[in-house]
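Undergrad: The following block contains the structure, expressed as structure tokens.
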Amino acid sequence: MEPDDRPNRTVTTTESSIRILESLKERPGQTLADLTENLDIARSTIHRHLLTLEANDLVVRDEERGTFSLGLRFLDFGHRAREHVGFFEVGREYVDRLAEETGEKVWLIAKEGDFSVHLYKAHGENPLETSAKVGQRRNLHQLAAGKAILASLPEDELEAILDRRGLSETTENTITTPEDLREELATIRDRGYAFNIGESITGLNAIGAPIRDEDGYPIGAISISGPANRVKGDLLKEELPDKLLAALDEIHIRLRYSESE
């Protein structure tokens, strides 16, 4: 293998396109001047990338305003990617059911690399609206679902994720030291589910438990969340865990059954 063909060698031009797309994701409707100011990339280079992305329907231009935004072709990519998540269809059924039973917001989460990805959500009667969106990637340690995943990982992978990502703080309740996190992960392993007590959003409580493959590896998770003044006490500590673990038992049975057919 030639040195330039090594798998760990990135392609600078592709990275530039990704940076432009990330910028447009965070702030749609930017001009070429805006992108040049926000990114450490030459104006002429950004222009060439935009032309290529536009020609492939990944970026759309507002001719009147001279602005660029992400194209809806990404919606097709996202839906197709989600369809290939092996537990998505089964998991979605139980997310809908849990939302109806609990009246709260329920999320289906996938583990991808070092992050959690929000795949699907369902609303109960009294959902708390937050900034979380389908497709959003989050650090695992900040979420109930993410901590449930971390608690189920092999030790070497857990250590590698902590080394690469650290423990960034989102609220004053976010766990930010490896010692505190490891202590909580040990408790999560014992009981089978994790809590998020205002660790990702102040005033939001959640419970999460992992979806495992046939080898016990955490491939995703389900979480139930709601405002702290409602999701507390016996509801948080007993009722929701029972409902969540019962749903996950059924999910695992169905996944195993489909794999053995």
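We name chains A, B, ... following the order of the structure tokens; residues begin at 1 in each chain, and ligands are numbered from 1 as shown.
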Give me the residues within 12 Å of Thr187 (chain A) as a CSV table (one decimal) with N, CA and C atoms, in the first residue's frame, counting only C-alpha atoms and dropping any in the same chain fewer than 5 places off.
TA:
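Dumped to part_29.csv:
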```
chain,number,residue,atom,x,y,z
A,147,LYS,N,-25.3,7.0,28.8
A,147,LYS,CA,-24.6,6.4,30.0
A,147,LYS,C,-25.0,4.9,30.0
A,148,ALA,N,-26.2,4.6,29.6
A,148,ALA,CA,-26.6,3.1,29.6
A,148,ALA,C,-25.7,2.4,28.6
A,150,LEU,N,-22.6,3.4,27.6
A,150,LEU,CA,-21.2,3.4,28.1
A,150,LEU,C,-21.1,2.3,29.1
A,151,ALA,N,-22.1,2.1,30.0
A,151,ALA,CA,-22.0,1.1,31.0
A,151,ALA,C,-21.9,-0.4,30.5
A,152,SER,N,-22.3,-0.5,29.2
A,152,SER,CA,-22.3,-1.9,28.6
A,152,SER,C,-21.2,-2.1,27.7
A,180,ASP,N,-16.1,9.9,38.9
A,180,ASP,CA,-17.5,9.9,39.2
A,180,ASP,C,-18.3,9.1,38.1
A,181,LEU,N,-17.9,9.2,36.9
A,181,LEU,CA,-18.6,8.5,35.8
A,181,LEU,C,-18.4,7.0,36.0
A,182,ARG,N,-17.2,6.5,36.3
A,182,ARG,CA,-17.1,5.1,36.5
A,182,ARG,C,-17.9,4.6,37.7
A,192,GLY,N,-29.3,-2.1,35.4
A,192,GLY,CA,-29.7,-2.3,34.1
A,192,GLY,C,-30.2,-1.0,33.4
A,193,TYR,N,-30.2,0.1,34.0
A,193,TYR,CA,-30.7,1.4,33.4
A,193,TYR,C,-30.0,2.5,34.0
A,194,ALA,N,-30.1,3.7,33.3
A,194,ALA,CA,-29.4,4.9,33.8
A,194,ALA,C,-30.3,6.1,34.0
A,195,PHE,N,-30.0,7.0,34.8
A,195,PHE,CA,-30.8,8.2,35.0
A,195,PHE,C,-30.0,9.4,34.5
```
Undergrad: Can you pull out every residue within 12 Å of region 226-236 of chain A, counting only C-alpha atoms, but drop anything in the same chain fewer than 3 positions away, and send it as a PDB file with N, CA and C atoms, in the first residue's frame?
TA:
```
ATOM      1  N   ALA A  99     -44.449   5.982  24.604  1.00  0.00           N
ATOM      2  CA  ALA A  99     -44.921   7.364  24.647  1.00  0.00           C
ATOM      3  C   ALA A  99     -46.409   7.410  24.970  1.00  0.00           C
ATOM      4  N   THR A 102     -46.820   6.273  28.792  1.00  0.00           N
ATOM      5  CA  THR A 102     -46.264   7.149  29.827  1.00  0.00           C
ATOM      6  C   THR A 102     -46.710   8.598  29.699  1.00  0.00           C
ATOM      7  N   GLY A 103     -47.090   9.016  28.512  1.00  0.00           N
ATOM      8  CA  GLY A 103     -47.431  10.409  28.283  1.00  0.00           C
ATOM      9  C   GLY A 103     -46.237  11.319  28.123  1.00  0.00           C
ATOM     10  N   GLU A 104     -45.020  10.738  28.118  1.00  0.00           N
ATOM     11  CA  GLU A 104     -43.790  11.528  28.030  1.00  0.00           C
ATOM     12  C   GLU A 104     -43.123  11.377  26.666  1.00  0.00           C
ATOM     13  N   LYS A 105     -42.020  12.094  26.501  1.00  0.00           N
ATOM     14  CA  LYS A 105     -41.254  11.983  25.260  1.00  0.00           C
ATOM     15  C   LYS A 105     -40.320  10.779  25.338  1.00  0.00           C
ATOM     16  N   VAL A 106     -40.287  10.002  24.278  1.00  0.00           N
ATOM     17  CA  VAL A 106     -39.461   8.790  24.229  1.00  0.00           C
ATOM     18  C   VAL A 106     -38.572   8.866  22.993  1.00  0.00           C
ATOM     19  N   TRP A 107     -37.293   8.559  23.197  1.00  0.00           N
ATOM     20  CA  TRP A 107     -36.309   8.615  22.109  1.00  0.00           C
ATOM     21  C   TRP A 107     -35.733   7.231  21.831  1.00  0.00           C
ATOM     22  N   HIS A 123     -44.079  11.432  20.996  1.00  0.00           N
ATOM     23  CA  HIS A 123     -44.582  12.308  22.051  1.00  0.00           C
ATOM     24  C   HIS A 123     -45.768  11.666  22.745  1.00  0.00           C
ATOM     25  N   GLY A 124     -45.797  11.781  24.047  1.00  0.00           N
ATOM     26  CA  GLY A 124     -46.982  11.415  24.799  1.00  0.00           C
ATOM     27  C   GLY A 124     -47.927  12.603  24.879  1.00  0.00           C
ATOM     28  N   GLU A 125     -48.814  12.571  25.857  1.00  0.00           N
ATOM     29  CA  GLU A 125     -49.811  13.638  25.998  1.00  0.00           C
ATOM     30  C   GLU A 125     -49.184  14.940  26.487  1.00  0.00           C
ATOM     31  N   ASN A 126     -48.134  14.836  27.292  1.00  0.00           N
ATOM     32  CA  ASN A 126     -47.562  16.034  27.920  1.00  0.00           C
ATOM     33  C   ASN A 126     -46.055  16.129  27.687  1.00  0.00           C
ATOM     34  N   PRO A 127     -45.613  16.151  26.435  1.00  0.00           N
ATOM     35  CA  PRO A 127     -44.160  16.157  26.201  1.00  0.00           C
ATOM     36  C   PRO A 127     -43.533  17.496  26.522  1.00  0.00           C
ATOM     37  N   LEU A 128     -42.301  17.444  26.985  1.00  0.00           N
ATOM     38  CA  LEU A 128     -41.519  18.653  27.184  1.00  0.00           C
ATOM     39  C   LEU A 128     -40.691  18.904  25.926  1.00  0.00           C
ATOM     40  N   GLU A 129     -40.916  20.037  25.289  1.00  0.00           N
ATOM     41  CA  GLU A 129     -40.179  20.346  24.071  1.00  0.00           C
ATOM     42  C   GLU A 129     -38.769  20.817  24.425  1.00  0.00           C
ATOM     43  N   THR A 130     -37.784  20.249  23.762  1.00  0.00           N
ATOM     44  CA  THR A 130     -36.391  20.640  23.965  1.00  0.00           C
ATOM     45  C   THR A 130     -35.743  20.876  22.600  1.00  0.00           C
ATOM     46  N   TYR A 193     -30.220   0.124  34.024  1.00  0.00           N
ATOM     47  CA  TYR A 193     -30.695   1.356  33.400  1.00  0.00           C
ATOM     48  C   TYR A 193     -29.997   2.547  34.044  1.00  0.00           C
ATOM     49  N   ALA A 194     -30.077   3.698  33.345  1.00  0.00           N
ATOM     50  CA  ALA A 194     -29.369   4.905  33.776  1.00  0.00           C
ATOM     51  C   ALA A 194     -30.344   6.057  33.954  1.00  0.00           C
ATOM     52  N   PHE A 195     -29.985   6.976  34.826  1.00  0.00           N
ATOM     53  CA  PHE A 195     -30.751   8.204  35.009  1.00  0.00           C
ATOM     54  C   PHE A 195     -29.967   9.399  34.482  1.00  0.00           C
ATOM     55  N   ASN A 196     -30.702  10.393  34.049  1.00  0.00           N
ATOM     56  CA  ASN A 196     -30.159  11.706  33.703  1.00  0.00           C
ATOM     57  C   ASN A 196     -30.956  12.707  34.526  1.00  0.00           C
ATOM     58  N   ILE A 197     -30.344  13.232  35.555  1.00  0.00           N
ATOM     59  CA  ILE A 197     -31.018  14.179  36.440  1.00  0.00           C
ATOM     60  C   ILE A 197     -30.478  15.576  36.148  1.00  0.00           C
ATOM     61  N   GLY A 198     -31.064  16.217  35.155  1.00  0.00           N
ATOM     62  CA  GLY A 198     -30.650  17.572  34.790  1.00  0.00           C
ATOM     63  C   GLY A 198     -29.246  17.663  34.247  1.00  0.00           C
ATOM     64  N   GLU A 199     -28.722  16.577  33.673  1.00  0.00           N
ATOM     65  CA  GLU A 199     -27.330  16.563  33.213  1.00  0.00           C
ATOM     66  C   GLU A 199     -27.156  17.062  31.784  1.00  0.00           C
ATOM     67  N   ILE A 201     -30.020  18.924  30.198  1.00  0.00           N
ATOM     68  CA  ILE A 201     -30.832  20.144  30.202  1.00  0.00           C
ATOM     69  C   ILE A 201     -31.315  20.368  31.630  1.00  0.00           C
ATOM     70  N   THR A 202     -31.105  21.541  32.144  1.00  0.00           N
ATOM     71  CA  THR A 202     -31.565  21.842  33.494  1.00  0.00           C
ATOM     72  C   THR A 202     -33.088  21.715  33.562  1.00  0.00           C
ATOM     73  N   GLY A 203     -33.568  20.959  34.545  1.00  0.00           N
ATOM     74  CA  GLY A 203     -35.009  20.778  34.704  1.00  0.00           C
ATOM     75  C   GLY A 203     -35.581  19.600  33.954  1.00  0.00           C
ATOM     76  N   LEU A 204     -34.720  18.829  33.297  1.00  0.00           N
ATOM     77  CA  LEU A 204     -35.162  17.641  32.558  1.00  0.00           C
ATOM     78  C   LEU A 204     -34.606  16.395  33.224  1.00  0.00           C
ATOM     79  N   ASN A 205     -35.463  15.435  33.511  1.00  0.00           N
ATOM     80  CA  ASN A 205     -35.043  14.136  34.020  1.00  0.00           C
ATOM     81  C   ASN A 205     -35.343  13.067  32.991  1.00  0.00           C
ATOM     82  N   ALA A 206     -34.523  12.023  32.979  1.00  0.00           N
ATOM     83  CA  ALA A 206     -34.712  10.957  31.997  1.00  0.00           C
ATOM     84  C   ALA A 206     -34.190   9.635  32.541  1.00  0.00           C
ATOM     85  N   ILE A 207     -34.677   8.568  31.947  1.00  0.00           N
ATOM     86  CA  ILE A 207     -34.189   7.230  32.223  1.00  0.00           C
ATOM     87  C   ILE A 207     -33.890   6.570  30.893  1.00  0.00           C
ATOM     88  N   GLY A 208     -32.803   5.791  30.815  1.00  0.00           N
ATOM     89  CA  GLY A 208     -32.426   5.134  29.568  1.00  0.00           C
ATOM     90  C   GLY A 208     -31.876   3.748  29.822  1.00  0.00           C
ATOM     91  N   SER A 223     -34.773   6.022  25.673  1.00  0.00           N
ATOM     92  CA  SER A 223     -34.886   6.874  26.856  1.00  0.00           C
ATOM     93  C   SER A 223     -36.288   7.455  26.947  1.00  0.00           C
ATOM     94  N   GLU A 239     -41.823   3.154  38.259  1.00  0.00           N
ATOM     95  CA  GLU A 239     -42.783   2.909  37.183  1.00  0.00           C
ATOM     96  C   GLU A 239     -42.127   2.946  35.803  1.00  0.00           C
ATOM     97  N   LEU A 240     -41.389   3.998  35.515  1.00  0.00           N
ATOM     98  CA  LEU A 240     -40.760   4.110  34.195  1.00  0.00           C
ATOM     99  C   LEU A 240     -39.702   3.025  33.963  1.00  0.00           C
ATOM    100  N   PRO A 241     -38.845   2.703  34.959  1.00  0.00           N
ATOM    101  CA  PRO A 241     -37.900   1.602  34.740  1.00  0.00           C
ATOM    102  C   PRO A 241     -38.591   0.280  34.412  1.00  0.00           C
ATOM    103  N   ASP A 242     -39.693  -0.019  35.102  1.00  0.00           N
ATOM    104  CA  ASP A 242     -40.402  -1.273  34.831  1.00  0.00           C
ATOM    105  C   ASP A 242     -40.925  -1.298  33.402  1.00  0.00           C
ATOM    106  N   LYS A 243     -41.526  -0.208  32.968  1.00  0.00           N
ATOM    107  CA  LYS A 243     -42.081  -0.153  31.606  1.00  0.00           C
ATOM    108  C   LYS A 243     -40.963  -0.230  30.556  1.00  0.00           C
ATOM    109  N   LEU A 244     -39.865   0.494  30.819  1.00  0.00           N
ATOM    110  CA  LEU A 244     -38.768   0.528  29.857  1.00  0.00           C
ATOM    111  C   LEU A 244     -38.100  -0.835  29.735  1.00  0.00           C
TER     112      LEU A 244
END
```
Undergrad: Got a sec to tell me which of region 6-228 of chain A DSSP assigns to helix (DSSP H, G or I), as number ranges by chain?
TA: A: 12-26, 32-38, 43-55, 73-83, 88-102, 140-142, 144-151, 155-165, 178-191
Undergrad: List as a PyMOL selection string the protein and nucleic acid residues near region 15-25 of chain A, meaning an atom at most 8 Å away when only C-alpha atoms are counted, but skip any in the same chain fewer than 4 places from it.
TA: chain A and resi 10-11+29-30+35+39+41+46+49+68-70
